[in-house]
$ cat entry27.cif   # mmCIF, C-alpha atoms and all ligand atoms
data_target
loop_
_atom_site.label_atom_id
_atom_site.label_comp_id
_atom_site.auth_asym_id
_atom_site.auth_seq_id
_atom_site.Cartn_x
_atom_site.Cartn_y
_atom_site.Cartn_z
CA MET A 1 -68.75 51.70 -226.63
CA GLU A 2 -71.41 53.86 -225.05
CA THR A 3 -69.84 56.98 -223.68
CA SER A 4 -72.66 59.08 -222.38
CA THR A 5 -73.72 58.60 -218.82
CA GLU A 6 -77.25 58.38 -220.07
CA GLY A 7 -76.21 55.55 -222.27
CA VAL A 8 -74.54 53.80 -219.40
CA THR A 9 -77.71 53.90 -217.41
CA GLU A 10 -79.67 52.63 -220.34
CA ALA A 11 -77.12 49.93 -220.79
CA ALA A 12 -77.60 49.08 -217.15
CA ALA A 13 -81.31 48.73 -217.71
CA ASP A 14 -80.63 46.53 -220.69
CA ASP A 15 -78.31 44.45 -218.62
CA ALA A 16 -80.98 44.08 -216.00
CA GLY A 17 -83.39 42.75 -218.56
CA ALA A 18 -80.80 40.46 -220.02
CA ALA A 19 -79.83 39.17 -216.63
CA GLU A 20 -83.44 38.48 -215.77
CA ALA A 21 -83.80 36.59 -219.00
CA ALA A 22 -80.72 34.61 -218.10
CA VAL A 23 -82.21 33.78 -214.74
CA ALA A 24 -85.41 32.63 -216.35
CA ALA A 25 -83.46 30.45 -218.73
CA GLN A 26 -81.72 28.64 -215.92
CA PRO A 27 -83.97 26.72 -213.59
CA GLY A 28 -83.42 27.39 -209.95
CA THR A 29 -80.73 29.97 -210.33
CA ALA A 30 -82.46 32.79 -208.54
CA ALA A 31 -84.81 32.85 -205.61
CA ALA A 32 -86.10 35.35 -203.15
CA GLY A 33 -88.28 34.97 -200.14
CA ARG A 34 -88.53 34.37 -196.47
CA GLN A 35 -86.48 31.46 -195.30
CA GLY A 36 -86.28 29.88 -191.93
CA ALA A 37 -82.96 29.29 -190.25
CA GLY A 38 -83.42 25.59 -190.66
CA GLY A 39 -84.23 25.88 -194.34
CA THR A 40 -82.21 24.53 -197.16
CA GLU A 41 -80.42 27.79 -197.69
CA GLU A 42 -78.97 27.82 -194.24
CA ASP A 43 -78.31 24.18 -193.80
CA PRO A 44 -74.67 23.93 -194.75
CA GLY A 45 -74.95 20.30 -195.58
CA ALA A 46 -77.97 20.81 -197.72
CA ALA A 47 -76.49 23.86 -199.32
CA HIS A 48 -73.32 22.03 -200.10
CA ALA A 49 -75.29 19.16 -201.55
CA ALA A 50 -77.17 21.58 -203.73
CA VAL A 51 -73.92 23.14 -204.79
CA ALA A 52 -72.34 19.82 -205.54
CA ALA A 53 -75.33 18.77 -207.61
CA GLN A 54 -74.63 21.54 -210.08
CA PRO A 55 -71.12 21.76 -211.41
CA ALA A 56 -69.52 25.11 -211.01
CA GLU A 57 -68.85 27.19 -214.06
CA ALA A 58 -65.47 26.71 -215.59
CA ALA A 59 -63.14 29.54 -214.76
CA ALA A 60 -62.19 31.72 -217.66
CA PRO A 61 -58.67 31.31 -218.92
CA GLY A 62 -56.25 34.14 -218.86
CA ALA A 63 -57.64 35.94 -215.87
CA PRO A 64 -55.41 38.81 -214.83
CA THR A 65 -53.09 38.55 -211.90
CA PRO A 66 -54.89 39.01 -208.62
CA VAL A 67 -54.13 42.16 -206.74
CA THR A 68 -55.20 41.58 -203.20
CA ALA A 69 -57.73 40.30 -200.78
CA GLY A 70 -57.65 40.58 -197.06
CA ARG A 71 -59.59 40.96 -193.88
CA HIS A 72 -61.12 44.39 -193.52
CA GLU A 73 -60.80 45.32 -189.89
CA GLY A 74 -62.82 48.47 -190.12
CA HIS A 75 -66.37 48.29 -191.33
CA SER A 76 -67.26 49.42 -194.68
CA THR A 77 -68.24 52.91 -195.55
CA ASP A 78 -69.01 51.65 -198.93
CA GLN A 79 -71.28 48.73 -199.19
CA ASP A 80 -71.99 50.43 -198.40
CA PRO A 81 -68.33 52.64 -199.44
CA GLU A 82 -69.47 49.91 -200.52
CA SER A 83 -71.32 50.03 -198.77
CA ALA A 84 -73.81 50.68 -201.62
CA HIS A 85 -75.40 49.30 -202.58
CA ALA A 86 -81.93 49.96 -202.57
CA ALA A 87 -83.73 51.23 -199.81
CA VAL A 88 -83.26 49.24 -197.20
CA THR A 89 -83.74 51.34 -194.26
CA ALA A 90 -86.30 52.07 -191.67
CA GLU A 91 -86.54 55.58 -193.02
CA PRO A 92 -89.11 56.50 -195.63
CA ALA A 93 -87.92 54.74 -198.68
CA THR A 94 -88.79 53.67 -202.13
CA ASP A 95 -87.72 50.60 -203.93
CA GLU A 96 -85.21 52.72 -205.70
CA THR A 97 -83.66 54.15 -202.58
CA PRO A 98 -80.09 53.03 -202.19
CA ASP A 99 -78.97 51.01 -199.23
CA PRO A 100 -77.49 53.56 -196.88
CA PRO A 101 -73.74 53.59 -196.70
CA ARG A 102 -72.54 52.22 -193.45
CA THR A 103 -70.63 54.55 -191.26
CA ASP A 104 -67.37 53.53 -189.82
CA THR A 105 -63.68 54.09 -189.90
CA PRO A 106 -62.33 53.52 -193.37
CA PRO A 107 -59.53 51.00 -193.54
CA ALA A 108 -55.99 52.14 -194.11
CA THR A 109 -56.25 50.94 -197.68
CA ALA A 110 -56.87 52.52 -200.98
CA GLU A 111 -60.57 51.75 -200.39
CA ALA A 112 -60.64 54.88 -198.29
CA VAL A 113 -59.79 56.89 -201.35
CA GLU A 114 -63.28 56.38 -202.66
CA THR A 115 -65.12 57.34 -199.51
CA ALA A 116 -66.69 60.67 -198.77
CA GLN A 117 -64.07 61.63 -196.22
CA PRO A 118 -62.86 65.22 -196.57
CA VAL A 119 -59.24 65.36 -197.68
CA ALA A 120 -56.89 68.16 -198.64
CA VAL A 121 -55.92 67.10 -202.14
CA PRO A 122 -58.53 66.03 -204.66
CA VAL A 123 -57.48 63.14 -206.83
CA ALA A 124 -58.87 61.68 -210.01
CA PRO A 125 -60.88 58.49 -209.57
CA ALA A 126 -58.54 55.53 -209.48
CA SER A 127 -60.83 52.59 -208.91
CA LEU A 128 -64.44 51.58 -208.73
CA SER A 129 -66.51 50.04 -205.97
CA PRO A 130 -70.17 48.99 -206.19
CA SER A 131 -71.28 52.02 -204.21
CA ARG A 132 -69.45 54.49 -206.34
CA ALA A 133 -70.60 52.77 -209.53
CA ASN A 134 -74.16 53.11 -208.27
CA ASP A 135 -73.52 56.75 -207.44
CA PHE A 136 -72.44 57.51 -210.97
CA MET A 137 -75.38 55.64 -212.47
CA GLN A 138 -77.74 57.49 -210.15
CA CYS A 139 -76.24 60.95 -210.70
CA PRO A 140 -72.82 61.87 -212.14
CA LEU A 141 -72.73 65.04 -210.05
CA LEU A 142 -73.30 63.06 -206.89
CA TYR A 143 -70.35 60.88 -207.86
CA ARG A 144 -68.20 63.96 -208.33
CA PHE A 145 -69.22 65.39 -204.95
CA ARG A 146 -68.39 62.14 -203.20
CA VAL A 147 -65.30 60.95 -205.03
CA ILE A 148 -63.56 64.07 -206.29
CA ASP A 149 -64.72 66.94 -204.06
CA ARG A 150 -65.05 64.64 -201.05
CA LEU A 151 -67.77 66.81 -199.64
CA PRO A 152 -68.61 65.72 -196.12
CA GLU A 153 -71.92 64.02 -195.48
CA LYS A 154 -73.91 63.88 -192.30
CA PRO A 155 -74.17 60.52 -190.58
CA SER A 156 -77.60 58.99 -190.88
CA ALA A 157 -79.36 56.93 -188.24
CA ALA A 158 -80.10 54.13 -190.69
CA ALA A 159 -76.57 53.94 -192.08
CA THR A 160 -75.02 54.03 -188.63
CA ARG A 161 -77.38 51.32 -187.40
CA GLY A 162 -76.41 49.27 -190.44
CA THR A 163 -72.77 49.60 -189.50
CA LEU A 164 -73.51 48.59 -185.91
CA VAL A 165 -75.52 45.52 -186.93
CA HIS A 166 -72.88 44.44 -189.42
CA SER A 167 -70.17 44.66 -186.80
CA VAL A 168 -72.24 42.56 -184.38
CA LEU A 169 -72.87 39.86 -186.97
CA GLU A 170 -69.21 39.81 -187.84
CA ARG A 171 -67.96 39.63 -184.27
CA LEU A 172 -70.40 36.89 -183.32
CA PHE A 173 -68.37 34.44 -185.38
CA ASP A 174 -65.45 34.98 -183.00
CA ALA A 175 -67.38 32.83 -180.52
CA PRO A 176 -67.47 29.02 -180.69
CA ALA A 177 -70.31 27.78 -182.87
CA GLY A 178 -72.45 26.62 -179.97
CA GLU A 179 -72.34 30.04 -178.34
CA ARG A 180 -73.60 31.97 -181.33
CA THR A 181 -77.06 32.59 -179.96
CA ALA A 182 -79.38 35.55 -180.34
CA PRO A 183 -78.83 36.68 -176.72
CA ALA A 184 -75.08 36.47 -177.24
CA ALA A 185 -75.36 38.52 -180.39
CA LYS A 186 -77.49 41.18 -178.71
CA SER A 187 -75.02 41.35 -175.86
CA LEU A 188 -72.42 42.51 -178.34
CA ILE A 189 -74.40 45.61 -179.30
CA PRO A 190 -73.31 47.94 -176.46
CA GLY A 191 -69.62 47.18 -176.96
CA GLN A 192 -69.80 47.59 -180.70
CA TRP A 193 -71.70 50.85 -180.25
CA ASP A 194 -68.94 52.10 -177.94
CA ARG A 195 -66.37 51.11 -180.52
CA LEU A 196 -68.24 52.88 -183.28
CA ARG A 197 -68.56 56.07 -181.24
CA GLU A 198 -64.84 56.02 -180.54
CA SER A 199 -63.87 55.52 -184.14
CA ARG A 200 -66.43 57.93 -185.56
CA PRO A 201 -67.35 60.51 -182.91
CA GLU A 202 -69.50 62.34 -185.42
CA VAL A 203 -72.17 59.65 -185.07
CA LEU A 204 -72.95 61.21 -181.70
CA GLU A 205 -74.51 64.08 -183.67
CA LEU A 206 -77.38 61.73 -184.31
CA PHE A 207 -78.39 61.92 -180.68
CA ALA A 208 -77.18 65.40 -179.76
CA ASP A 209 -80.77 66.54 -179.16
CA ASP A 210 -81.67 63.47 -177.17
CA PRO A 211 -80.49 64.28 -173.63
CA GLU A 212 -82.72 61.67 -172.04
CA GLY A 213 -81.48 59.00 -174.38
CA GLU A 214 -84.97 58.00 -175.48
CA ARG A 215 -84.24 58.03 -179.19
CA LEU A 216 -80.93 56.28 -178.63
CA ALA A 217 -82.70 53.52 -176.71
CA GLN A 218 -85.25 53.19 -179.48
CA TRP A 219 -82.50 53.09 -182.09
CA LEU A 220 -80.56 50.45 -180.19
CA GLY A 221 -83.78 48.48 -179.74
CA GLU A 222 -84.27 48.44 -183.49
CA ALA A 223 -80.70 47.22 -183.89
CA GLU A 224 -81.55 44.38 -181.50
CA ARG A 225 -84.61 43.45 -183.53
CA LEU A 226 -82.56 43.36 -186.71
CA VAL A 227 -79.99 41.13 -185.07
CA GLU A 228 -82.73 38.85 -183.73
CA ARG A 229 -84.32 38.57 -187.15
CA TRP A 230 -81.08 37.31 -188.60
CA PHE A 231 -81.49 34.16 -186.52
CA THR A 232 -84.75 33.43 -188.35
CA LEU A 233 -82.88 33.56 -191.64
CA GLU A 234 -79.54 31.94 -190.95
CA ASP A 235 -78.19 29.65 -188.26
CA PRO A 236 -74.70 30.83 -187.28
CA THR A 237 -74.14 27.70 -185.17
CA ARG A 238 -74.00 25.81 -188.46
CA LEU A 239 -71.84 28.25 -190.38
CA GLU A 240 -68.08 28.66 -190.38
CA PRO A 241 -67.36 31.59 -192.68
CA ALA A 242 -64.16 31.42 -194.63
CA GLU A 243 -63.98 35.21 -194.53
CA ARG A 244 -65.75 38.12 -192.89
CA GLU A 245 -65.56 41.74 -193.96
CA LEU A 246 -63.20 40.72 -196.71
CA PHE A 247 -61.54 43.52 -198.63
CA VAL A 248 -61.05 42.45 -202.22
CA GLU A 249 -59.42 44.22 -205.10
CA ALA A 250 -58.67 43.10 -208.62
CA GLU A 251 -57.38 44.78 -211.73
CA LEU A 252 -59.03 44.05 -215.04
CA GLU A 253 -57.02 43.67 -218.21
CA SER A 254 -58.06 47.21 -219.11
CA GLY A 255 -56.36 48.49 -215.99
CA LEU A 256 -59.61 49.26 -214.19
CA ARG A 257 -59.26 48.41 -210.53
CA LEU A 258 -62.34 47.02 -208.84
CA ARG A 259 -62.59 46.85 -205.11
CA GLY A 260 -65.08 46.17 -202.43
CA ILE A 261 -65.74 44.66 -199.06
CA ILE A 262 -67.66 41.40 -198.86
CA ASP A 263 -69.61 40.83 -195.65
CA ARG A 264 -69.14 37.08 -195.57
CA VAL A 265 -67.67 34.36 -197.73
CA ASP A 266 -68.68 30.73 -197.17
CA VAL A 267 -66.73 27.96 -198.82
CA ALA A 268 -68.19 24.48 -199.14
CA PRO A 269 -66.00 21.39 -198.63
CA THR A 270 -66.18 21.02 -202.40
CA GLY A 271 -64.55 24.43 -202.75
CA GLU A 272 -67.60 26.22 -204.04
CA VAL A 273 -68.02 29.75 -202.85
CA ARG A 274 -71.04 31.61 -201.52
CA ILE A 275 -70.89 35.38 -201.15
CA VAL A 276 -73.22 36.81 -198.51
CA ASP A 277 -74.20 40.41 -197.90
CA TYR A 278 -76.38 41.66 -195.06
CA LYS A 279 -78.89 44.44 -195.62
CA THR A 280 -80.56 46.14 -192.69
CA GLY A 281 -83.47 47.31 -194.80
CA LYS A 282 -86.24 45.59 -196.63
CA ALA A 283 -85.95 43.45 -199.72
CA PRO A 284 -86.75 45.27 -202.94
CA ARG A 285 -89.78 44.43 -204.98
CA PRO A 286 -89.01 41.82 -207.65
CA GLU A 287 -88.73 44.42 -210.38
CA TYR A 288 -85.87 46.03 -208.48
CA ALA A 289 -84.08 42.82 -207.56
CA GLU A 290 -81.63 43.14 -210.42
CA GLY A 291 -80.42 46.46 -209.09
CA ALA A 292 -79.85 44.88 -205.70
CA LEU A 293 -77.92 42.06 -207.30
CA PHE A 294 -75.59 44.43 -209.13
CA GLN A 295 -73.40 44.77 -206.06
CA MET A 296 -73.24 41.00 -205.66
CA LYS A 297 -72.35 40.41 -209.29
CA PHE A 298 -69.68 43.05 -208.93
CA TYR A 299 -68.18 41.08 -206.06
CA ALA A 300 -68.54 37.86 -208.00
CA LEU A 301 -66.61 39.43 -210.84
CA VAL A 302 -63.84 40.52 -208.48
CA VAL A 303 -63.63 37.06 -206.92
CA TRP A 304 -63.57 35.46 -210.33
CA ARG A 305 -60.76 37.70 -211.47
CA LEU A 306 -58.95 37.26 -208.20
CA LYS A 307 -59.33 33.53 -207.65
CA ASN A 308 -60.31 32.30 -211.08
CA VAL A 309 -63.42 30.82 -209.50
CA ILE A 310 -67.00 31.84 -210.16
CA PRO A 311 -68.91 32.04 -206.88
CA ARG A 312 -71.59 29.39 -206.84
CA ARG A 313 -74.14 31.54 -205.04
CA LEU A 314 -74.77 35.18 -204.25
CA GLN A 315 -76.96 35.76 -201.23
CA LEU A 316 -78.54 38.96 -199.92
CA VAL A 317 -79.93 38.70 -196.41
CA TYR A 318 -82.54 41.40 -195.71
CA LEU A 319 -82.84 41.85 -191.98
CA GLY A 320 -85.46 44.58 -192.32
CA SER A 321 -88.03 42.34 -193.93
CA GLY A 322 -86.74 38.88 -193.17
CA ASP A 323 -86.09 37.91 -196.76
CA VAL A 324 -83.21 36.20 -198.50
CA LEU A 325 -82.47 36.86 -202.15
CA THR A 326 -80.17 34.42 -203.88
CA TYR A 327 -78.73 34.22 -207.35
CA ASP A 328 -76.45 31.65 -208.92
CA PRO A 329 -74.25 33.49 -211.39
CA VAL A 330 -72.84 32.07 -214.58
CA LEU A 331 -69.93 33.19 -216.66
CA ALA A 332 -72.13 35.26 -218.96
CA ASP A 333 -73.37 37.30 -215.99
CA LEU A 334 -69.87 38.23 -214.97
CA GLU A 335 -68.80 39.05 -218.48
CA ARG A 336 -71.87 41.28 -218.82
CA VAL A 337 -71.10 43.08 -215.57
CA GLU A 338 -67.52 43.55 -216.65
CA ARG A 339 -68.61 45.13 -219.94
CA LYS A 340 -70.99 47.39 -218.08
CA LEU A 341 -68.30 48.49 -215.64
CA LEU A 342 -65.87 49.20 -218.43
CA ALA A 343 -68.46 51.41 -220.14
CA LEU A 344 -69.16 53.11 -216.85
CA TRP A 345 -65.48 53.69 -216.20
CA GLU A 346 -65.03 55.18 -219.64
CA ALA A 347 -67.85 57.63 -218.92
CA ILE A 348 -66.27 58.50 -215.57
CA ARG A 349 -62.90 59.00 -217.21
CA GLN A 350 -64.39 61.37 -219.77
CA ALA A 351 -66.28 63.33 -217.15
CA THR A 352 -63.08 63.61 -215.12
CA GLN A 353 -61.23 65.06 -218.08
CA THR A 354 -63.96 67.45 -219.19
CA GLY A 355 -65.23 68.43 -215.78
CA ASP A 356 -68.71 67.80 -217.11
CA TRP A 357 -70.55 66.13 -214.24
CA ARG A 358 -74.20 66.65 -214.86
CA PRO A 359 -76.87 66.34 -212.21
CA ARG A 360 -79.48 63.70 -212.79
CA PRO A 361 -82.43 64.58 -210.57
CA THR A 362 -84.61 61.73 -209.38
CA LYS A 363 -86.70 61.12 -206.31
CA LEU A 364 -83.49 59.91 -204.69
CA CYS A 365 -82.42 63.56 -204.47
CA GLY A 366 -84.36 63.62 -201.22
CA TRP A 367 -81.58 61.48 -199.78
CA CYS A 368 -78.76 63.60 -201.15
CA ASP A 369 -76.68 65.64 -198.73
CA HIS A 370 -75.50 67.99 -201.46
CA GLN A 371 -78.56 69.91 -202.59
CA GLU A 372 -76.94 73.20 -201.51
CA HIS A 373 -74.24 72.57 -204.12
CA CYS A 374 -76.57 71.19 -206.78
CA PRO A 375 -77.81 73.38 -209.66
CA GLU A 376 -81.05 71.41 -209.70
CA PHE A 377 -81.77 72.90 -206.29
CA GLY A 378 -80.41 76.38 -206.94
CA GLY A 379 -76.94 75.61 -205.66
CA THR A 380 -73.51 76.01 -207.18
CA PRO A 381 -70.90 73.26 -207.17
CA PRO A 382 -67.52 74.16 -205.71
CA PRO A 383 -64.83 75.03 -208.30
CA TYR A 384 -63.77 71.91 -210.13
CA PRO A 385 -60.58 70.87 -208.36
CA LEU A 386 -59.00 68.83 -211.16
CA PRO A 387 -57.39 70.05 -214.38
CA VAL A 388 -59.70 70.00 -217.37
CA THR A 389 -57.73 68.23 -220.07
CA SER A 390 -60.36 67.72 -222.69
CA ALA A 391 -63.21 69.77 -224.09
CA ILE A 392 -66.70 68.36 -223.93
CA GLY A 393 -67.02 68.39 -227.69
CA GLU A 394 -63.91 66.24 -228.03
CA GLN A 395 -65.32 63.58 -225.85
CA GLY A 396 -68.91 63.56 -226.91
CA ARG A 397 -71.81 64.66 -224.84
CA MET A 398 -71.64 63.67 -221.22
CA GLY A 399 -74.61 63.31 -218.98
CA PRO A 400 -78.27 63.24 -219.68
CA GLY A 401 -78.56 66.92 -220.50
S1 LIG B 1 -79.51 66.65 -205.38
FE1 LIG B 1 -80.00 65.05 -206.91
S2 LIG B 1 -79.29 65.89 -208.89
FE2 LIG B 1 -78.30 67.08 -207.23
S3 LIG B 1 -76.32 66.09 -206.86
FE3 LIG B 1 -77.76 65.22 -205.41
S4 LIG B 1 -78.54 63.37 -206.44
FE4 LIG B 1 -77.60 64.66 -208.03
#
$ encode --input "entry27.cif" --output "structure tokens" --more "lines below"
Ligand code: SF4
Amino acid sequence: METSTEGVTEAAADDAGAAEAAVAAQPGTAAAGRQGAGGTEEDPGAAHAAVAAQPAEAAAPGAPTPVTAGRHEGHSTDQDPESAHAAVTAEPATDETPDPPRTDTPPATAEAVETAQPVAVPVAPASLSPSRANDFMQCPLLYRFRVIDRLPEKPSAAATRGTLVHSVLERLFDAPAGERTAPAAKSLIPGQWDRLRESRPEVLELFADDPEGERLAQWLGEAERLVERWFTLEDPTRLEPAERELFVEAELESGLRLRGIIDRVDVAPTGEVRIVDYKTGKAPRPEYAEGALFQMKFYALVVWRLKNVIPRRLQLVYLGSGDVLTYDPVLADLERVERKLLALWEAIRQATQTGDWRPRPTKLCGWCDHQEHCPEFGGTPPPYPLPVTSAIGEQGRMGPG
């Protein structure tokens, strides 16, 4: 098993290539592009027909006992925490820029343990979400700052807008199907913004120097445009989600606990499952699509382990560019993601024991809130708050070095 963080990242790249090859080998399993609301993707009947035309993968025998799944009443800090999941913001971005974490009240679940909320007692990592997995692959030191030190991070306009838009899209499904119109959705924005300010007063910092409210109005206007664009991609009057903001958690046979929050789960009459995630940024270029799909395959793995069913379709809806990226996973995809996560978790475990969390500078450092603590920028990390139980030499070299 690869134990260096460098190796994990390389393994990730290998996985990406392998996954792309798998896609190429299976006709019609992956697609990306602009789709109209009346298109096949969003026509439930058509989608179901397409699903039915291709038998679902057989569930693997011996899947571990499910842990839990339930409605997530707060909005994710992860997907953002999961909240993680490629630049998908209106801010200057590259195709490698991660989707900004959404900003909202963490749920009263263990999911909160992985978020960047300051707490009194540092704890060793206990589970993995897509966001935190991406953090470690991007930069082990960033992972440490977020998961172990829990250093606070400033709210960002893009992340907060993402949270707002997600909450609007979720709440819209409370209305009867015929009332799920674009004006109705936009009318939800002020109330959801009030709710977000109440639950996370720190988001007001974003507009502290905006006494006339001009930037706030502009920001809310962009949220409206993102909500409107959704109606060109999906037709909520023809959708009845089985779940929204679904917190899922499963434990692998190795003991690794995976968790995350799925924006929407659609279930066809035939029982086949579609996992949907909204992104408020732009779709990545094709060469970065695999990275974007990592989060979705992670969720697919959790659902498979939880329900013994392989989701028929994974769907990323990019509100920033008006694109929809879909992928139809097969068993081999999920097994590959599981192997990758196990290798990643082993690297995290070793770094936790040795205290060796190396920085991995990339152009994404421009988005990092922790440069003042980062040796790559002349900073010093805070004292390592966990006991060091293993020497680096005993564990092998950690980090890219
Ligand atoms: S500034 Fe860059 S290298 Fe330093 S912790 Fe942040 S992401 Fe890692």
$ closest_atom_pairs --input "entry27.cif" --of "chain A" --to "ligand LIG 1 (chain B)" --cutoff "10 Å" --atoms "all atoms listed in the file" --output "tab-separated table"
residue	atom	partner	partner_atom	distance
A:Asp135	CA	B:LIG1	S4	8.4
A:Phe136	CA	B:LIG1	FE4	9.3
A:Gln138	CA	B:LIG1	S4	7.0
A:Cys139	CA	B:LIG1	FE4	4.8
A:Pro140	CA	B:LIG1	FE4	6.9
A:Leu141	CA	B:LIG1	S3	4.9
A:Leu142	CA	B:LIG1	S3	4.3
A:Tyr143	CA	B:LIG1	S3	8.0
A:Arg144	CA	B:LIG1	S3	8.5
A:Phe145	CA	B:LIG1	S3	7.4
A:Arg146	CA	B:LIG1	S3	9.6
A:Trp357	CA	B:LIG1	S3	9.4
A:Arg358	CA	B:LIG1	S2	7.9
A:Pro359	CA	B:LIG1	S2	4.1
A:Arg360	CA	B:LIG1	S2	4.5
A:Pro361	CA	B:LIG1	S2	3.8
A:Thr362	CA	B:LIG1	FE1	6.2
A:Lys363	CA	B:LIG1	FE1	7.8
A:Leu364	CA	B:LIG1	S4	6.3
A:Cys365	CA	B:LIG1	FE1	3.7
A:Gly366	CA	B:LIG1	S1	7.1
A:Trp367	CA	B:LIG1	S4	7.6
A:Cys368	CA	B:LIG1	FE3	4.7
A:Asp369	CA	B:LIG1	FE3	6.8
A:His370	CA	B:LIG1	FE3	5.3
A:Gln371	CA	B:LIG1	S1	4.4
A:Glu372	CA	B:LIG1	S1	8.0
A:His373	CA	B:LIG1	S3	7.3
A:Cys374	CA	B:LIG1	FE2	4.5
A:Pro375	CA	B:LIG1	FE2	6.8
A:Glu376	CA	B:LIG1	FE2	5.7
A:Phe377	CA	B:LIG1	S1	6.7
A:Gly378	CA	B:LIG1	FE2	9.5
A:Gly379	CA	B:LIG1	FE2	8.8
A:Pro381	CA	B:LIG1	S3	9.0
$ write_last_selection --input "entry27.cif" --atoms "C-alpha atoms" --output "compact mmCIF listing (two decimals), in the coordinates of the input"
# COMPACT_ATOMS: atom_id res chain seq x y z
CA ASP A 135 -73.52 56.75 -207.44
CA PHE A 136 -72.44 57.51 -210.97
CA GLN A 138 -77.74 57.49 -210.15
CA CYS A 139 -76.24 60.95 -210.70
CA PRO A 140 -72.82 61.87 -212.14
CA LEU A 141 -72.73 65.04 -210.05
CA LEU A 142 -73.30 63.06 -206.89
CA TYR A 143 -70.35 60.88 -207.86
CA ARG A 144 -68.20 63.96 -208.33
CA PHE A 145 -69.22 65.39 -204.95
CA ARG A 146 -68.39 62.14 -203.20
CA TRP A 357 -70.55 66.13 -214.24
CA ARG A 358 -74.20 66.65 -214.86
CA PRO A 359 -76.87 66.34 -212.21
CA ARG A 360 -79.48 63.70 -212.79
CA PRO A 361 -82.43 64.58 -210.57
CA THR A 362 -84.61 61.73 -209.38
CA LYS A 363 -86.70 61.12 -206.31
CA LEU A 364 -83.49 59.91 -204.69
CA CYS A 365 -82.42 63.56 -204.47
CA GLY A 366 -84.36 63.62 -201.22
CA TRP A 367 -81.58 61.48 -199.78
CA CYS A 368 -78.76 63.60 -201.15
CA ASP A 369 -76.68 65.64 -198.73
CA HIS A 370 -75.50 67.99 -201.46
CA GLN A 371 -78.56 69.91 -202.59
CA GLU A 372 -76.94 73.20 -201.51
CA HIS A 373 -74.24 72.57 -204.12
CA CYS A 374 -76.57 71.19 -206.78
CA PRO A 375 -77.81 73.38 -209.66
CA GLU A 376 -81.05 71.41 -209.70
CA PHE A 377 -81.77 72.90 -206.29
CA GLY A 378 -80.41 76.38 -206.94
CA GLY A 379 -76.94 75.61 -205.66
CA PRO A 381 -70.90 73.26 -207.17
$ axis_aligned_box --input "entry27.cif" --around "stretch 267-273 of chain A" --padding-each-side "8 Å" --output "lines of an AutoDock Vina configuration file"
center_x = -66.4
center_y = 25.4
center_z = -201.3
size_x = 19.6
size_y = 24.7
size_z = 21.4
$ closest_residue --input "entry27.cif" --among "A:Pro241, A:Ala158, A:Glu202, A:Thr232" --to "A:Leu220" --atoms "only C-alpha atoms"
A:Ala158
$ closest_atom_pairs --input "entry27.cif" --of "stretch 297-398 of chain A" --to "stretch 233-240 of chain A" --cutoff "12 Å" --atoms "only C-alpha atoms" --output "tab-separated table"
residue	atom	partner	partner_atom	distance
A:Gln315	CA	A:Glu234	CA	11.3
A:Leu316	CA	A:Leu233	CA	10.8
A:Val317	CA	A:Leu233	CA	7.6
A:Tyr318	CA	A:Leu233	CA	8.8
A:Leu319	CA	A:Leu233	CA	8.3
A:Gly320	CA	A:Leu233	CA	11.3
A:Ser321	CA	A:Leu233	CA	10.4
A:Gly322	CA	A:Leu233	CA	6.7
A:Asp323	CA	A:Leu233	CA	7.4
A:Val324	CA	A:Leu233	CA	7.4
A:Leu325	CA	A:Leu233	CA	11.0
$ write_last_selection --input "entry27.cif" --atoms "C-alpha atoms" --output "PDB file, in the frame of the given file"
ATOM      1  CA  GLN A 315     -76.960  35.760-201.230  1.00  0.00           C
ATOM      2  CA  LEU A 316     -78.540  38.960-199.920  1.00  0.00           C
ATOM      3  CA  VAL A 317     -79.930  38.700-196.410  1.00  0.00           C
ATOM      4  CA  TYR A 318     -82.540  41.400-195.710  1.00  0.00           C
ATOM      5  CA  LEU A 319     -82.840  41.850-191.980  1.00  0.00           C
ATOM      6  CA  GLY A 320     -85.460  44.580-192.320  1.00  0.00           C
ATOM      7  CA  SER A 321     -88.030  42.340-193.930  1.00  0.00           C
ATOM      8  CA  GLY A 322     -86.740  38.880-193.170  1.00  0.00           C
ATOM      9  CA  ASP A 323     -86.090  37.910-196.760  1.00  0.00           C
ATOM     10  CA  VAL A 324     -83.210  36.200-198.500  1.00  0.00           C
ATOM     11  CA  LEU A 325     -82.470  36.860-202.150  1.00  0.00           C
TER      12      LEU A 325
END
$ atom_distance --input "entry27.cif" --atom1 "atom CA of A:Leu258" --atom2 "atom CA of A:Glu338"
10.0 Å
$ atom_distance --input "entry27.cif" --atom1 "atom CA of A:Asp328" --atom2 "atom CA of A:Ser254"
26.2 Å
$ atom_distance --input "entry27.cif" --atom1 "atom CA of A:Pro286" --atom2 "atom CA of A:Pro329"
17.4 Å
$ closest_residue --input "entry27.cif" --among "A:Ala283, A:Ala175, A:Ile310, A:Ala242" --to "A:Pro269" --atoms "all atoms listed in the file"
A:Ala242
$ residues_near_point --input "entry27.cif" --point "(-63.1, 49.3, -209.1)" --cutoff "6 Å" --atoms "all atoms listed in the file" --output "mmCIF file with C-alpha atoms, in the coordinates of the input"
data_model
loop_
_atom_site.group_PDB
_atom_site.id
_atom_site.type_symbol
_atom_site.label_atom_id
_atom_site.label_comp_id
_atom_site.auth_asym_id
_atom_site.auth_seq_id
_atom_site.Cartn_x
_atom_site.Cartn_y
_atom_site.Cartn_z
ATOM 1 C CA SER A 127 -60.830 52.590 -208.910
ATOM 2 C CA LEU A 128 -64.440 51.580 -208.730
ATOM 3 C CA SER A 129 -66.510 50.040 -205.970
ATOM 4 C CA ARG A 257 -59.260 48.410 -210.530
ATOM 5 C CA LEU A 258 -62.340 47.020 -208.840
ATOM 6 C CA ARG A 259 -62.590 46.850 -205.110
#
